[in-house]
$ cat structure.pdb   # PDB, N, CA, C and O atoms
ATOM      1  N   MET A   1     -13.345  47.739 -62.176
ATOM      2  CA  MET A   1     -12.700  46.583 -61.567
ATOM      3  C   MET A   1     -12.002  45.765 -62.646
ATOM      4  O   MET A   1     -12.563  45.545 -63.714
ATOM      5  N   THR A   2     -10.823  45.311 -62.312
ATOM      6  CA  THR A   2     -10.090  44.493 -63.257
ATOM      7  C   THR A   2     -10.547  43.041 -63.152
ATOM      8  O   THR A   2     -11.294  42.667 -62.246
ATOM      9  N   LYS A   3     -10.068  42.251 -64.086
ATOM     10  CA  LYS A   3     -10.450  40.837 -64.138
ATOM     11  C   LYS A   3     -10.024  40.092 -62.866
ATOM     12  O   LYS A   3     -10.783  39.289 -62.327
ATOM     13  N   LEU A   4      -8.816  40.386 -62.368
ATOM     14  CA  LEU A   4      -8.341  39.711 -61.155
ATOM     15  C   LEU A   4      -9.086  40.181 -59.908
ATOM     16  O   LEU A   4      -9.281  39.401 -58.983
ATOM     17  N   GLN A   5      -9.505  41.431 -59.877
ATOM     18  CA  GLN A   5     -10.286  41.906 -58.741
ATOM     19  C   GLN A   5     -11.642  41.222 -58.689
ATOM     20  O   GLN A   5     -12.133  40.868 -57.608
ATOM     21  N   VAL A   6     -12.236  40.997 -59.846
ATOM     22  CA  VAL A   6     -13.507  40.281 -59.906
ATOM     23  C   VAL A   6     -13.311  38.833 -59.473
ATOM     24  O   VAL A   6     -14.110  38.284 -58.706
ATOM     25  N   ARG A   7     -12.224  38.226 -59.924
ATOM     26  CA  ARG A   7     -11.929  36.850 -59.537
ATOM     27  C   ARG A   7     -11.700  36.746 -58.029
ATOM     28  O   ARG A   7     -12.178  35.811 -57.380
ATOM     29  N   ALA A   8     -10.976  37.707 -57.448
ATOM     30  CA  ALA A   8     -10.741  37.715 -56.001
ATOM     31  C   ALA A   8     -12.059  37.841 -55.241
ATOM     32  O   ALA A   8     -12.286  37.149 -54.245
ATOM     33  N   PHE A   9     -12.940  38.720 -55.728
ATOM     34  CA  PHE A   9     -14.239  38.884 -55.091
ATOM     35  C   PHE A   9     -15.052  37.595 -55.150
ATOM     36  O   PHE A   9     -15.670  37.189 -54.158
ATOM     37  N   LEU A  10     -15.070  36.944 -56.305
ATOM     38  CA  LEU A  10     -15.836  35.705 -56.449
ATOM     39  C   LEU A  10     -15.261  34.574 -55.616
ATOM     40  O   LEU A  10     -16.008  33.785 -55.025
ATOM     41  N   TYR A  11     -13.931  34.466 -55.534
ATOM     42  CA  TYR A  11     -13.296  33.459 -54.678
ATOM     43  C   TYR A  11     -13.676  33.691 -53.216
ATOM     44  O   TYR A  11     -14.026  32.760 -52.492
ATOM     45  N   GLN A  12     -13.591  34.944 -52.786
ATOM     46  CA  GLN A  12     -13.904  35.262 -51.402
ATOM     47  C   GLN A  12     -15.374  34.993 -51.101
ATOM     48  O   GLN A  12     -15.702  34.432 -50.052
ATOM     49  N   LEU A  13     -16.249  35.366 -52.014
ATOM     50  CA  LEU A  13     -17.677  35.122 -51.835
ATOM     51  C   LEU A  13     -17.981  33.622 -51.789
ATOM     52  O   LEU A  13     -18.753  33.160 -50.948
ATOM     53  N   GLY A  14     -17.364  32.854 -52.686
ATOM     54  CA  GLY A  14     -17.597  31.409 -52.711
ATOM     55  C   GLY A  14     -17.114  30.714 -51.454
ATOM     56  O   GLY A  14     -17.817  29.869 -50.887
ATOM     57  N   CYS A  15     -15.925  31.079 -50.992
ATOM     58  CA  CYS A  15     -15.394  30.471 -49.768
ATOM     59  C   CYS A  15     -16.252  30.824 -48.564
ATOM     60  O   CYS A  15     -16.545  29.968 -47.722
ATOM     61  N   PHE A  16     -16.666  32.090 -48.477
ATOM     62  CA  PHE A  16     -17.530  32.490 -47.368
ATOM     63  C   PHE A  16     -18.860  31.736 -47.422
ATOM     64  O   PHE A  16     -19.357  31.272 -46.392
ATOM     65  N   ALA A  17     -19.441  31.610 -48.611
ATOM     66  CA  ALA A  17     -20.733  30.933 -48.738
ATOM     67  C   ALA A  17     -20.646  29.480 -48.297
ATOM     68  O   ALA A  17     -21.520  28.981 -47.580
ATOM     69  N   ILE A  18     -19.586  28.797 -48.702
ATOM     70  CA  ILE A  18     -19.408  27.393 -48.322
ATOM     71  C   ILE A  18     -19.277  27.265 -46.803
ATOM     72  O   ILE A  18     -19.918  26.417 -46.172
ATOM     73  N   LEU A  19     -18.444  28.132 -46.201
ATOM     74  CA  LEU A  19     -18.250  28.068 -44.757
ATOM     75  C   LEU A  19     -19.509  28.504 -44.004
ATOM     76  O   LEU A  19     -19.831  27.934 -42.961
ATOM     77  N   PHE A  20     -20.221  29.504 -44.508
ATOM     78  CA  PHE A  20     -21.444  29.957 -43.852
ATOM     79  C   PHE A  20     -22.512  28.864 -43.850
ATOM     80  O   PHE A  20     -23.137  28.598 -42.820
ATOM     81  N   ILE A  21     -22.710  28.224 -44.990
ATOM     82  CA  ILE A  21     -23.744  27.184 -45.079
ATOM     83  C   ILE A  21     -23.397  25.997 -44.195
ATOM     84  O   ILE A  21     -24.246  25.473 -43.471
ATOM     85  N   SER A  22     -22.106  25.587 -44.212
ATOM     86  CA  SER A  22     -21.729  24.453 -43.356
ATOM     87  C   SER A  22     -21.802  24.812 -41.882
ATOM     88  O   SER A  22     -22.248  24.004 -41.069
ATOM     89  N   ALA A  23     -21.377  26.029 -41.527
ATOM     90  CA  ALA A  23     -21.444  26.439 -40.120
ATOM     91  C   ALA A  23     -22.895  26.563 -39.669
ATOM     92  O   ALA A  23     -23.230  26.188 -38.540
ATOM     93  N   ARG A  24     -23.757  27.070 -40.536
ATOM     94  CA  ARG A  24     -25.175  27.196 -40.174
ATOM     95  C   ARG A  24     -25.791  25.826 -39.923
ATOM     96  O   ARG A  24     -26.535  25.636 -38.957
ATOM     97  N   TYR A  25     -25.462  24.871 -40.775
ATOM     98  CA  TYR A  25     -25.976  23.516 -40.593
ATOM     99  C   TYR A  25     -25.471  22.919 -39.275
ATOM    100  O   TYR A  25     -26.242  22.356 -38.496
ATOM    101  N   LEU A  26     -24.163  23.060 -39.024
ATOM    102  CA  LEU A  26     -23.593  22.487 -37.804
ATOM    103  C   LEU A  26     -24.130  23.163 -36.541
ATOM    104  O   LEU A  26     -24.423  22.488 -35.549
ATOM    105  N   VAL A  27     -24.268  24.472 -36.577
ATOM    106  CA  VAL A  27     -24.808  25.188 -35.412
ATOM    107  C   VAL A  27     -26.254  24.795 -35.161
ATOM    108  O   VAL A  27     -26.670  24.585 -34.020
ATOM    109  N   GLU A  28     -27.013  24.676 -36.228
ATOM    110  CA  GLU A  28     -28.425  24.326 -36.078
ATOM    111  C   GLU A  28     -28.614  22.906 -35.551
ATOM    112  O   GLU A  28     -29.504  22.653 -34.746
ATOM    113  N   MET A  29     -27.769  21.994 -36.004
ATOM    114  CA  MET A  29     -27.939  20.597 -35.617
ATOM    115  C   MET A  29     -27.338  20.271 -34.247
ATOM    116  O   MET A  29     -27.890  19.435 -33.531
ATOM    117  N   TYR A  30     -26.225  20.897 -33.896
ATOM    118  CA  TYR A  30     -25.478  20.442 -32.721
ATOM    119  C   TYR A  30     -25.430  21.435 -31.563
ATOM    120  O   TYR A  30     -24.727  21.213 -30.591
ATOM    121  N   THR A  31     -26.139  22.540 -31.652
ATOM    122  CA  THR A  31     -26.222  23.456 -30.520
ATOM    123  C   THR A  31     -27.684  23.727 -30.207
ATOM    124  O   THR A  31     -28.580  23.379 -30.970
ATOM    125  N   GLY A  32     -27.917  24.378 -29.110
ATOM    126  CA  GLY A  32     -29.282  24.699 -28.713
ATOM    127  C   GLY A  32     -29.719  26.077 -29.155
ATOM    128  O   GLY A  32     -30.723  26.585 -28.669
ATOM    129  N   LEU A  33     -28.985  26.702 -30.053
ATOM    130  CA  LEU A  33     -29.325  28.047 -30.501
ATOM    131  C   LEU A  33     -30.555  28.028 -31.404
ATOM    132  O   LEU A  33     -30.749  27.095 -32.182
ATOM    133  N   THR A  34     -31.364  29.083 -31.292
ATOM    134  CA  THR A  34     -32.561  29.199 -32.124
ATOM    135  C   THR A  34     -32.690  30.634 -32.620
ATOM    136  O   THR A  34     -31.996  31.529 -32.150
ATOM    137  N   GLY A  35     -33.585  30.843 -33.549
ATOM    138  CA  GLY A  35     -33.882  32.183 -34.032
ATOM    139  C   GLY A  35     -32.731  32.797 -34.813
ATOM    140  O   GLY A  35     -32.072  32.129 -35.604
ATOM    141  N   LEU A  36     -32.506  34.085 -34.585
ATOM    142  CA  LEU A  36     -31.461  34.808 -35.307
ATOM    143  C   LEU A  36     -30.047  34.444 -34.850
ATOM    144  O   LEU A  36     -29.082  34.825 -35.505
ATOM    145  N   TRP A  37     -29.917  33.724 -33.753
ATOM    146  CA  TRP A  37     -28.586  33.359 -33.272
ATOM    147  C   TRP A  37     -27.897  32.370 -34.206
ATOM    148  O   TRP A  37     -26.676  32.365 -34.309
ATOM    149  N   VAL A  38     -28.655  31.529 -34.862
ATOM    150  CA  VAL A  38     -28.074  30.536 -35.765
ATOM    151  C   VAL A  38     -27.366  31.215 -36.945
ATOM    152  O   VAL A  38     -26.170  30.983 -37.163
ATOM    153  N   PRO A  39     -28.026  32.066 -37.742
ATOM    154  CA  PRO A  39     -27.311  32.700 -38.854
ATOM    155  C   PRO A  39     -26.238  33.694 -38.385
ATOM    156  O   PRO A  39     -25.216  33.850 -39.045
ATOM    157  N   PHE A  40     -26.473  34.357 -37.249
ATOM    158  CA  PHE A  40     -25.465  35.289 -36.741
ATOM    159  C   PHE A  40     -24.189  34.554 -36.359
ATOM    160  O   PHE A  40     -23.086  34.982 -36.706
ATOM    161  N   THR A  41     -24.311  33.438 -35.666
ATOM    162  CA  THR A  41     -23.141  32.635 -35.297
ATOM    163  C   THR A  41     -22.453  32.088 -36.536
ATOM    164  O   THR A  41     -21.223  32.103 -36.630
ATOM    165  N   ALA A  42     -23.222  31.622 -37.501
ATOM    166  CA  ALA A  42     -22.638  31.109 -38.746
ATOM    167  C   ALA A  42     -21.922  32.220 -39.509
ATOM    168  O   ALA A  42     -20.868  31.989 -40.106
ATOM    169  N   PHE A  43     -22.467  33.439 -39.486
ATOM    170  CA  PHE A  43     -21.824  34.575 -40.140
ATOM    171  C   PHE A  43     -20.470  34.876 -39.500
ATOM    172  O   PHE A  43     -19.473  35.089 -40.206
ATOM    173  N   VAL A  44     -20.412  34.898 -38.195
ATOM    174  CA  VAL A  44     -19.154  35.175 -37.486
ATOM    175  C   VAL A  44     -18.124  34.091 -37.778
ATOM    176  O   VAL A  44     -16.963  34.383 -38.082
ATOM    177  N   VAL A  45     -18.540  32.845 -37.709
ATOM    178  CA  VAL A  45     -17.623  31.732 -37.994
ATOM    179  C   VAL A  45     -17.143  31.793 -39.439
ATOM    180  O   VAL A  45     -15.949  31.643 -39.715
ATOM    181  N   GLY A  46     -18.035  32.032 -40.378
ATOM    182  CA  GLY A  46     -17.661  32.125 -41.787
ATOM    183  C   GLY A  46     -16.718  33.275 -42.060
ATOM    184  O   GLY A  46     -15.781  33.167 -42.851
ATOM    185  N   THR A  47     -16.953  34.411 -41.422
ATOM    186  CA  THR A  47     -16.095  35.576 -41.608
ATOM    187  C   THR A  47     -14.696  35.328 -41.074
ATOM    188  O   THR A  47     -13.701  35.702 -41.700
ATOM    189  N   ILE A  48     -14.599  34.705 -39.915
ATOM    190  CA  ILE A  48     -13.284  34.464 -39.306
ATOM    191  C   ILE A  48     -12.504  33.397 -40.066
ATOM    192  O   ILE A  48     -11.295  33.538 -40.290
ATOM    193  N   LEU A  49     -13.170  32.328 -40.483
ATOM    194  CA  LEU A  49     -12.462  31.200 -41.086
ATOM    195  C   LEU A  49     -12.219  31.320 -42.586
ATOM    196  O   LEU A  49     -11.371  30.611 -43.127
ATOM    197  N   SER A  50     -12.933  32.173 -43.284
ATOM    198  CA  SER A  50     -12.770  32.230 -44.740
ATOM    199  C   SER A  50     -11.472  32.946 -45.123
ATOM    200  O   SER A  50     -11.083  33.923 -44.484
ATOM    201  N   PRO A  51     -10.811  32.472 -46.176
ATOM    202  CA  PRO A  51      -9.580  33.133 -46.634
ATOM    203  C   PRO A  51      -9.882  34.479 -47.281
ATOM    204  O   PRO A  51     -10.977  34.702 -47.798
ATOM    205  N   LYS A  52      -8.902  35.360 -47.220
ATOM    206  CA  LYS A  52      -9.032  36.693 -47.816
ATOM    207  C   LYS A  52      -8.238  36.725 -49.118
ATOM    208  O   LYS A  52      -7.071  36.361 -49.147
ATOM    209  N   PHE A  53      -8.859  37.169 -50.197
ATOM    210  CA  PHE A  53      -8.222  37.254 -51.506
ATOM    211  C   PHE A  53      -8.060  38.722 -51.884
ATOM    212  O   PHE A  53      -8.936  39.539 -51.608
ATOM    213  N   LYS A  54      -6.942  39.044 -52.534
ATOM    214  CA  LYS A  54      -6.689  40.428 -52.943
ATOM    215  C   LYS A  54      -5.884  40.430 -54.233
ATOM    216  O   LYS A  54      -4.932  39.679 -54.377
ATOM    217  N   ALA A  55      -6.265  41.298 -55.162
ATOM    218  CA  ALA A  55      -5.530  41.494 -56.413
ATOM    219  C   ALA A  55      -4.676  42.747 -56.245
ATOM    220  O   ALA A  55      -5.203  43.822 -55.941
ATOM    221  N   LEU A  56      -3.365  42.604 -56.419
ATOM    222  CA  LEU A  56      -2.440  43.724 -56.247
ATOM    223  C   LEU A  56      -1.602  43.913 -57.497
ATOM    224  O   LEU A  56      -1.241  42.949 -58.171
ATOM    225  N   ARG A  57      -1.289  45.164 -57.764
ATOM    226  CA  ARG A  57      -0.382  45.470 -58.877
ATOM    227  C   ARG A  57       1.045  45.425 -58.368
ATOM    228  O   ARG A  57       1.384  46.057 -57.384
ATOM    229  N   THR A  58       1.875  44.656 -59.064
ATOM    230  CA  THR A  58       3.291  44.553 -58.732
ATOM    231  C   THR A  58       4.104  44.994 -59.946
ATOM    232  O   THR A  58       3.547  45.384 -60.973
ATOM    233  N   GLN A  59       5.418  44.914 -59.833
ATOM    234  CA  GLN A  59       6.275  45.268 -60.961
ATOM    235  C   GLN A  59       6.093  44.293 -62.121
ATOM    236  O   GLN A  59       6.294  44.640 -63.276
ATOM    237  N   ASP A  60       5.719  43.058 -61.805
ATOM    238  CA  ASP A  60       5.517  42.038 -62.838
ATOM    239  C   ASP A  60       4.107  42.052 -63.421
ATOM    240  O   ASP A  60       3.778  41.230 -64.256
ATOM    241  N   GLY A  61       3.262  42.948 -62.964
ATOM    242  CA  GLY A  61       1.868  42.998 -63.407
ATOM    243  C   GLY A  61       0.942  42.745 -62.233
ATOM    244  O   GLY A  61       1.357  42.712 -61.079
ATOM    245  N   GLU A  62      -0.320  42.548 -62.523
ATOM    246  CA  GLU A  62      -1.294  42.317 -61.461
ATOM    247  C   GLU A  62      -1.294  40.844 -61.061
ATOM    248  O   GLU A  62      -1.283  39.963 -61.909
ATOM    249  N   LYS A  63      -1.300  40.601 -59.747
ATOM    250  CA  LYS A  63      -1.280  39.229 -59.227
ATOM    251  C   LYS A  63      -2.348  39.072 -58.166
ATOM    252  O   LYS A  63      -2.763  40.029 -57.528
ATOM    253  N   LEU A  64      -2.763  37.821 -57.971
ATOM    254  CA  LEU A  64      -3.793  37.486 -56.992
ATOM    255  C   LEU A  64      -3.128  36.816 -55.791
ATOM    256  O   LEU A  64      -2.340  35.877 -55.946
ATOM    257  N   TYR A  65      -3.448  37.320 -54.594
ATOM    258  CA  TYR A  65      -2.866  36.800 -53.365
ATOM    259  C   TYR A  65      -3.968  36.346 -52.416
ATOM    260  O   TYR A  65      -5.086  36.841 -52.454
ATOM    261  N   MET A  66      -3.583  35.374 -51.531
ATOM    262  CA  MET A  66      -4.525  34.842 -50.560
ATOM    263  C   MET A  66      -3.874  34.808 -49.186
ATOM    264  O   MET A  66      -2.710  34.426 -49.054
ATOM    265  N   LYS A  67      -4.627  35.220 -48.172
ATOM    266  CA  LYS A  67      -4.198  35.125 -46.785
ATOM    267  C   LYS A  67      -5.254  34.348 -46.041
ATOM    268  O   LYS A  67      -6.453  34.607 -46.169
ATOM    269  N   TRP A  68      -4.805  33.353 -45.269
ATOM    270  CA  TRP A  68      -5.741  32.519 -44.539
ATOM    271  C   TRP A  68      -5.248  32.345 -43.119
ATOM    272  O   TRP A  68      -4.045  32.354 -42.873
ATOM    273  N   ILE A  69      -6.158  32.150 -42.190
ATOM    274  CA  ILE A  69      -5.812  32.036 -40.787
ATOM    275  C   ILE A  69      -4.955  30.789 -40.513
ATOM    276  O   ILE A  69      -4.152  30.775 -39.584
ATOM    277  N   PHE A  70      -5.080  29.751 -41.337
ATOM    278  CA  PHE A  70      -4.349  28.510 -41.124
ATOM    279  C   PHE A  70      -2.996  28.471 -41.832
ATOM    280  O   PHE A  70      -2.249  27.510 -41.680
ATOM    281  N   ILE A  71      -2.684  29.479 -42.640
ATOM    282  CA  ILE A  71      -1.401  29.561 -43.345
ATOM    283  C   ILE A  71      -0.709  30.849 -42.897
ATOM    284  O   ILE A  71      -1.300  31.916 -42.923
ATOM    285  N   LYS A  72       0.557  30.740 -42.499
ATOM    286  CA  LYS A  72       1.258  31.906 -41.960
ATOM    287  C   LYS A  72       1.562  32.967 -43.020
ATOM    288  O   LYS A  72       1.342  34.140 -42.799
ATOM    289  N   GLU A  73       2.079  32.553 -44.155
ATOM    290  CA  GLU A  73       2.499  33.531 -45.154
ATOM    291  C   GLU A  73       1.377  33.821 -46.159
ATOM    292  O   GLU A  73       0.419  33.090 -46.276
ATOM    293  N   VAL A  74       1.535  34.921 -46.855
ATOM    294  CA  VAL A  74       0.621  35.278 -47.940
ATOM    295  C   VAL A  74       1.000  34.429 -49.147
ATOM    296  O   VAL A  74       2.165  34.330 -49.502
ATOM    297  N   LYS A  75      -0.001  33.834 -49.785
ATOM    298  CA  LYS A  75       0.254  32.905 -50.876
ATOM    299  C   LYS A  75      -0.175  33.523 -52.200
ATOM    300  O   LYS A  75      -1.260  34.094 -52.302
ATOM    301  N   GLU A  76       0.696  33.420 -53.204
ATOM    302  CA  GLU A  76       0.344  33.903 -54.538
ATOM    303  C   GLU A  76      -0.437  32.813 -55.272
ATOM    304  O   GLU A  76      -0.059  31.651 -55.279
ATOM    305  N   ILE A  77      -1.528  33.221 -55.909
ATOM    306  CA  ILE A  77      -2.376  32.273 -56.641
ATOM    307  C   ILE A  77      -2.312  32.636 -58.119
ATOM    308  O   ILE A  77      -2.582  33.758 -58.496
ATOM    309  N   GLY A  78      -1.999  31.656 -58.927
ATOM    310  CA  GLY A  78      -2.005  31.774 -60.367
ATOM    311  C   GLY A  78      -1.548  33.042 -60.891
ATOM    312  O   GLY A  78      -1.744  33.916 -61.477
TER     313      GLY A  78
END
$ encode --input "structure.pdb" --output "structure tokens"
Amino acid sequence: MTKLQVRAFLYQLGCFAILFISARYLVEMYTGLTGLWVPFTAFVVGTILSPKFKALRTQDGEKLYMKWIFIKEVKEIG
């Protein structure tokens, strides 16, 4: 794995973790779900809402890109 691929993985993991923890808290506090439904619902919400990061090789070298459900176009990062 290249340096940018590792960075993309860590960005994706961090964003998912933040959304999963917040969704789990909100589901637990404001819905009547119990048991395994709480983490399962938080997992689905975190998976859908988290941005996707990808390192691609281009003619200019390797670049990091992000796609998110709230942004229409693919965005180049650093």
$ residues_around --input "structure.pdb" --residues "Val45 in chain A" --least-positions-apart "3" --cutoff "8 Å" --atoms "only N, CA, C and O atoms" --output "PyMOL selection string"
chain A and resi 16+19-20+23+38-42+48-50
$ closest_atom_pairs --input "structure.pdb" --of "range 13-58 of chain A" --to "range 62-66 of chain A" --cutoff "4.5 Å" --atoms "all atoms listed in the file" --output "JSON lines"
{"residue": "A:Lys52", "atom": "O", "partner": "A:Met66", "partner_atom": "CA", "distance": 3.3}
{"residue": "A:Phe53", "atom": "CA", "partner": "A:Tyr65", "partner_atom": "O", "distance": 3.3}
{"residue": "A:Lys54", "atom": "O", "partner": "A:Tyr65", "partner_atom": "N", "distance": 2.8}
{"residue": "A:Ala55", "atom": "CA", "partner": "A:Lys63", "partner_atom": "O", "distance": 3.3}
{"residue": "A:Leu56", "atom": "O", "partner": "A:Lys63", "partner_atom": "N", "distance": 2.8}
{"residue": "A:Arg57", "atom": "CA", "partner": "A:Glu62", "partner_atom": "CA", "distance": 4.2}
$ write_last_selection --input "structure.pdb" --atoms "N, CA, C and O atoms" --output "short mmCIF file (atom, residue, chain, number, x, y, z; two decimals), keeping the file's coordinate frame"
data_model
loop_
_atom_site.label_atom_id
_atom_site.label_comp_id
_atom_site.auth_asym_id
_atom_site.auth_seq_id
_atom_site.Cartn_x
_atom_site.Cartn_y
_atom_site.Cartn_z
N LYS A 52 -8.90 35.36 -47.22
CA LYS A 52 -9.03 36.69 -47.82
C LYS A 52 -8.24 36.72 -49.12
O LYS A 52 -7.07 36.36 -49.15
N PHE A 53 -8.86 37.17 -50.20
CA PHE A 53 -8.22 37.25 -51.51
C PHE A 53 -8.06 38.72 -51.88
O PHE A 53 -8.94 39.54 -51.61
N LYS A 54 -6.94 39.04 -52.53
CA LYS A 54 -6.69 40.43 -52.94
C LYS A 54 -5.88 40.43 -54.23
O LYS A 54 -4.93 39.68 -54.38
N ALA A 55 -6.26 41.30 -55.16
CA ALA A 55 -5.53 41.49 -56.41
C ALA A 55 -4.68 42.75 -56.24
O ALA A 55 -5.20 43.82 -55.94
N LEU A 56 -3.36 42.60 -56.42
CA LEU A 56 -2.44 43.72 -56.25
C LEU A 56 -1.60 43.91 -57.50
O LEU A 56 -1.24 42.95 -58.17
N ARG A 57 -1.29 45.16 -57.76
CA ARG A 57 -0.38 45.47 -58.88
C ARG A 57 1.04 45.42 -58.37
O ARG A 57 1.38 46.06 -57.38
#
$ select_by_dssp --input "structure.pdb" --residues "chain A" --states "helix (DSSP H, G or I)" --output "count of residues only"
41
$ atom_distance --input "structure.pdb" --atom1 "atom C of Arg7 in chain A" --atom2 "atom N of Tyr25 in chain A"
25.1 Å
$ atom_distance --input "structure.pdb" --atom1 "atom C of Tyr30 in chain A" --atom2 "atom O of Gly46 in chain A"
18.9 Å
$ select_by_dssp --input "structure.pdb" --residues "chain A" --states "strand (DSSP E or B)" --output "NGL selection string"
:A and (52-58 or 61-67 or 75-77)
$ write_last_selection --input "structure.pdb" --atoms "N, CA, C and O atoms" --output "PDB file, in the coordinates of the input"
ATOM      1  N   LYS A  52      -8.902  35.360 -47.220  1.00  0.00           N
ATOM      2  CA  LYS A  52      -9.032  36.693 -47.816  1.00  0.00           C
ATOM      3  C   LYS A  52      -8.238  36.725 -49.118  1.00  0.00           C
ATOM      4  O   LYS A  52      -7.071  36.361 -49.147  1.00  0.00           O
ATOM      5  N   PHE A  53      -8.859  37.169 -50.197  1.00  0.00           N
ATOM      6  CA  PHE A  53      -8.222  37.254 -51.506  1.00  0.00           C
ATOM      7  C   PHE A  53      -8.060  38.722 -51.884  1.00  0.00           C
ATOM      8  O   PHE A  53      -8.936  39.539 -51.608  1.00  0.00           O
ATOM      9  N   LYS A  54      -6.942  39.044 -52.534  1.00  0.00           N
ATOM     10  CA  LYS A  54      -6.689  40.428 -52.943  1.00  0.00           C
ATOM     11  C   LYS A  54      -5.884  40.430 -54.233  1.00  0.00           C
ATOM     12  O   LYS A  54      -4.932  39.679 -54.377  1.00  0.00           O
ATOM     13  N   ALA A  55      -6.265  41.298 -55.162  1.00  0.00           N
ATOM     14  CA  ALA A  55      -5.530  41.494 -56.413  1.00  0.00           C
ATOM     15  C   ALA A  55      -4.676  42.747 -56.245  1.00  0.00           C
ATOM     16  O   ALA A  55      -5.203  43.822 -55.941  1.00  0.00           O
ATOM     17  N   LEU A  56      -3.365  42.604 -56.419  1.00  0.00           N
ATOM     18  CA  LEU A  56      -2.440  43.724 -56.247  1.00  0.00           C
ATOM     19  C   LEU A  56      -1.602  43.913 -57.497  1.00  0.00           C
ATOM     20  O   LEU A  56      -1.241  42.949 -58.171  1.00  0.00           O
ATOM     21  N   ARG A  57      -1.289  45.164 -57.764  1.00  0.00           N
ATOM     22  CA  ARG A  57      -0.382  45.470 -58.877  1.00  0.00           C
ATOM     23  C   ARG A  57       1.045  45.425 -58.368  1.00  0.00           C
ATOM     24  O   ARG A  57       1.384  46.057 -57.384  1.00  0.00           O
ATOM     25  N   THR A  58       1.875  44.656 -59.064  1.00  0.00           N
ATOM     26  CA  THR A  58       3.291  44.553 -58.732  1.00  0.00           C
ATOM     27  C   THR A  58       4.104  44.994 -59.946  1.00  0.00           C
ATOM     28  O   THR A  58       3.547  45.384 -60.973  1.00  0.00           O
ATOM     29  N   GLY A  61       3.262  42.948 -62.964  1.00  0.00           N
ATOM     30  CA  GLY A  61       1.868  42.998 -63.407  1.00  0.00           C
ATOM     31  C   GLY A  61       0.942  42.745 -62.233  1.00  0.00           C
ATOM     32  O   GLY A  61       1.357  42.712 -61.079  1.00  0.00           O
ATOM     33  N   GLU A  62      -0.320  42.548 -62.523  1.00  0.00           N
ATOM     34  CA  GLU A  62      -1.294  42.317 -61.461  1.00  0.00           C
ATOM     35  C   GLU A  62      -1.294  40.844 -61.061  1.00  0.00           C
ATOM     36  O   GLU A  62      -1.283  39.963 -61.909  1.00  0.00           O
ATOM     37  N   LYS A  63      -1.300  40.601 -59.747  1.00  0.00           N
ATOM     38  CA  LYS A  63      -1.280  39.229 -59.227  1.00  0.00           C
ATOM     39  C   LYS A  63      -2.348  39.072 -58.166  1.00  0.00           C
ATOM     40  O   LYS A  63      -2.763  40.029 -57.528  1.00  0.00           O
ATOM     41  N   LEU A  64      -2.763  37.821 -57.971  1.00  0.00           N
ATOM     42  CA  LEU A  64      -3.793  37.486 -56.992  1.00  0.00           C
ATOM     43  C   LEU A  64      -3.128  36.816 -55.791  1.00  0.00           C
ATOM     44  O   LEU A  64      -2.340  35.877 -55.946  1.00  0.00           O
ATOM     45  N   TYR A  65      -3.448  37.320 -54.594  1.00  0.00           N
ATOM     46  CA  TYR A  65      -2.866  36.800 -53.365  1.00  0.00           C
ATOM     47  C   TYR A  65      -3.968  36.346 -52.416  1.00  0.00           C
ATOM     48  O   TYR A  65      -5.086  36.841 -52.454  1.00  0.00           O
ATOM     49  N   MET A  66      -3.583  35.374 -51.531  1.00  0.00           N
ATOM     50  CA  MET A  66      -4.525  34.842 -50.560  1.00  0.00           C
ATOM     51  C   MET A  66      -3.874  34.808 -49.186  1.00  0.00           C
ATOM     52  O   MET A  66      -2.710  34.426 -49.054  1.00  0.00           O
ATOM     53  N   LYS A  67      -4.627  35.220 -48.172  1.00  0.00           N
ATOM     54  CA  LYS A  67      -4.198  35.125 -46.785  1.00  0.00           C
ATOM     55  C   LYS A  67      -5.254  34.348 -46.041  1.00  0.00           C
ATOM     56  O   LYS A  67      -6.453  34.607 -46.169  1.00  0.00           O
ATOM     57  N   LYS A  75      -0.001  33.834 -49.785  1.00  0.00           N
ATOM     58  CA  LYS A  75       0.254  32.905 -50.876  1.00  0.00           C
ATOM     59  C   LYS A  75      -0.175  33.523 -52.200  1.00  0.00           C
ATOM     60  O   LYS A  75      -1.260  34.094 -52.302  1.00  0.00           O
ATOM     61  N   GLU A  76       0.696  33.420 -53.204  1.00  0.00           N
ATOM     62  CA  GLU A  76       0.344  33.903 -54.538  1.00  0.00           C
ATOM     63  C   GLU A  76      -0.437  32.813 -55.272  1.00  0.00           C
ATOM     64  O   GLU A  76      -0.059  31.651 -55.279  1.00  0.00           O
ATOM     65  N   ILE A  77      -1.528  33.221 -55.909  1.00  0.00           N
ATOM     66  CA  ILE A  77      -2.376  32.273 -56.641  1.00  0.00           C
ATOM     67  C   ILE A  77      -2.312  32.636 -58.119  1.00  0.00           C
ATOM     68  O   ILE A  77      -2.582  33.758 -58.496  1.00  0.00           O
TER      69      ILE A  77
END
$ atom_distance --input "structure.pdb" --atom1 "CA of Tyr11 in chain A" --atom2 "atom C of Trp37 in chain A"
25.2 Å
$ residues_around --input "structure.pdb" --residues "Pro51 in chain A" --least-positions-apart "6" --cutoff "10 Å" --atoms "only C-alpha atoms" --output "ChimeraX atom specification"
/A:11-13,15-16,66-71
